[in-house]
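Presented below is the structure to which this report refers.
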Amino acid sequence: MSDGAQFRQVLPVRLYQRIVEQIEQAIVRGDLKPGQRLPSERELVTQFGASRPTVREALRVLESDGLVRSRPGDPNGPEILPFSSAGLTKQMTRLVQFDNVSMAELISFRMILDGSASSLAARLRSEEELSVMERTIAVMSDAIEAGYEEFGKADVAFHEAVAVASRNSLIEVCNQVVRGAVLALISDKVAHAHNSAALMRESLRHHQEVLEAIRAGDGRAAARISRRKLYEYYAGYVPENERGPLLALVDDEES
């Protein structure tokens, strides 16, 4: 027997997975576009030569992944949906909840993304995009008295505006996903904290400082402030012995 390469047993692929793959590939190629409909369930059974339960399982997986939407009683086939980061946010949150990814890793990744977005926005933003950021800051200020929910919406809008101004769609999507996962894990704690208003005022000051650096066109300062302020805001939710990666990012920006 050869002492060379070692192989593992192959795993069987279920038929519904093949159906999912074909539909996914059709979406990627552009053969199926958002708003279009898949054939009816009966037609899919015929086209794939598969049983009705197999087709239904494939559609269930596609719907769970946010690729299609079926409406009860709708005689038409499932609708192809536009891309949404909601599914990615859900999976990222689960990774942390199931201990596959630590909160420290998630927050440090957000520091990297947010710092990069702020740096690029400082160099590339338009006057219109800067005005959008300024308006979201004003809304954040007004929302402190209204409570965390309204404040949080304005906070999200600010970071989305910065990400858009970075001119990098991957940063925009990843930032949205990671931010959503972090907030899903701690927003309830912030909203019900005894010093919730103080935390919001502190967060507002952080955003104002980032905005000033972006307005000044100082990318390095925008990144440095962004990372430092995220650390100060979120470090308390990370065990002290796991804060090393977060501190390394802060120290790197200040060296």
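Chain identifiers are assigned as A, B, and so on, following the order in which chains appear in the structure tokens; residues are numbered from 1 within each chain, and ligands are numbered from 1 in order of appearance.
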Open item on the list: Give me, as a VMD selection string, all polymer residues having an atom no more than 12 Å from Arg179 of chain A, counting only C-alpha atoms and skipping those fewer than 6 positions away in the same chain.
Closed with: chain A and resid 85 to 86 88 to 90 92 to 93 103 106 to 114 152 155 to 160 163 171 to 173 185 to 187 230 234
- [ ] Fewer than 4 positions away in the same chain doesn't count, so skip those; otherwise give me all residues within 10 Å of Gly87 of chain A, counting only C-alpha atoms, as a list in words.
- [x] Ser64, Asp65, Gly66, Leu67, Phe83, Gln91, Met92, Thr93 and Val177 of chain A
TODO: Determine, counting only C-alpha atoms, which protein, DNA and RNA residues have an atom within 8 Å of an atom of segment 15-21 of chain A; residues of the same chain fewer than 5 positions away are not included. Present the result as a PyMOL selection string.
DONE: chain A and resi 48+50+54-55+57-59+61-62
Open item on the list: Here is a test: counting only C-alpha atoms, which residue of A:Asn195, A:Asn241, A:Ser169, A:Thr136 is nearest to Leu211 of chain A?
Closed with: A:Thr136
- [ ] Using DSSP on the backbone coordinates, identify all residues within segment 13-165 of chain A classified as strand (DSSP E or B); present the result as a PyMOL selection string.
- [x] chain A and resi 37+68-69+79-80
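Interatomic distance, atom CA of His207 of chain A to atom CA of Lys229 of chain A: 8.5 Å.
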Open item on the list: Among segment 35-97 of chain A, which residues does DSSP mark as alpha helix (DSSP H) when it is run on the backbone? Keep the chain and numbering as in the structure and answer as a PyMOL selection string.
Closed with: chain A and resi 41-48+52-64+86-97
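One finds atom CA of Leu183 of chain A at 26.0 Å from atom CA of Arg125 of chain A.
Between atom CA of Val250 of chain A and atom CA of Ser131 of chain A the interatomic distance comes to 28.2 Å.
Using only C-alpha atoms, the nearest neighbour of Pro34 of chain A within the list A:Pro82, A:Arg8, A:Phe151, A:Glu63 is A:Pro82.
With only C-alpha atoms taken into account, the protein and nucleic acid residues at most 10 Å from Glu232 of chain A (excluding it and anything under 4 positions from it in its own chain) are Glu202, Ser203, His206, Arg227, Arg228, Gly236 and Leu246 of chain A.
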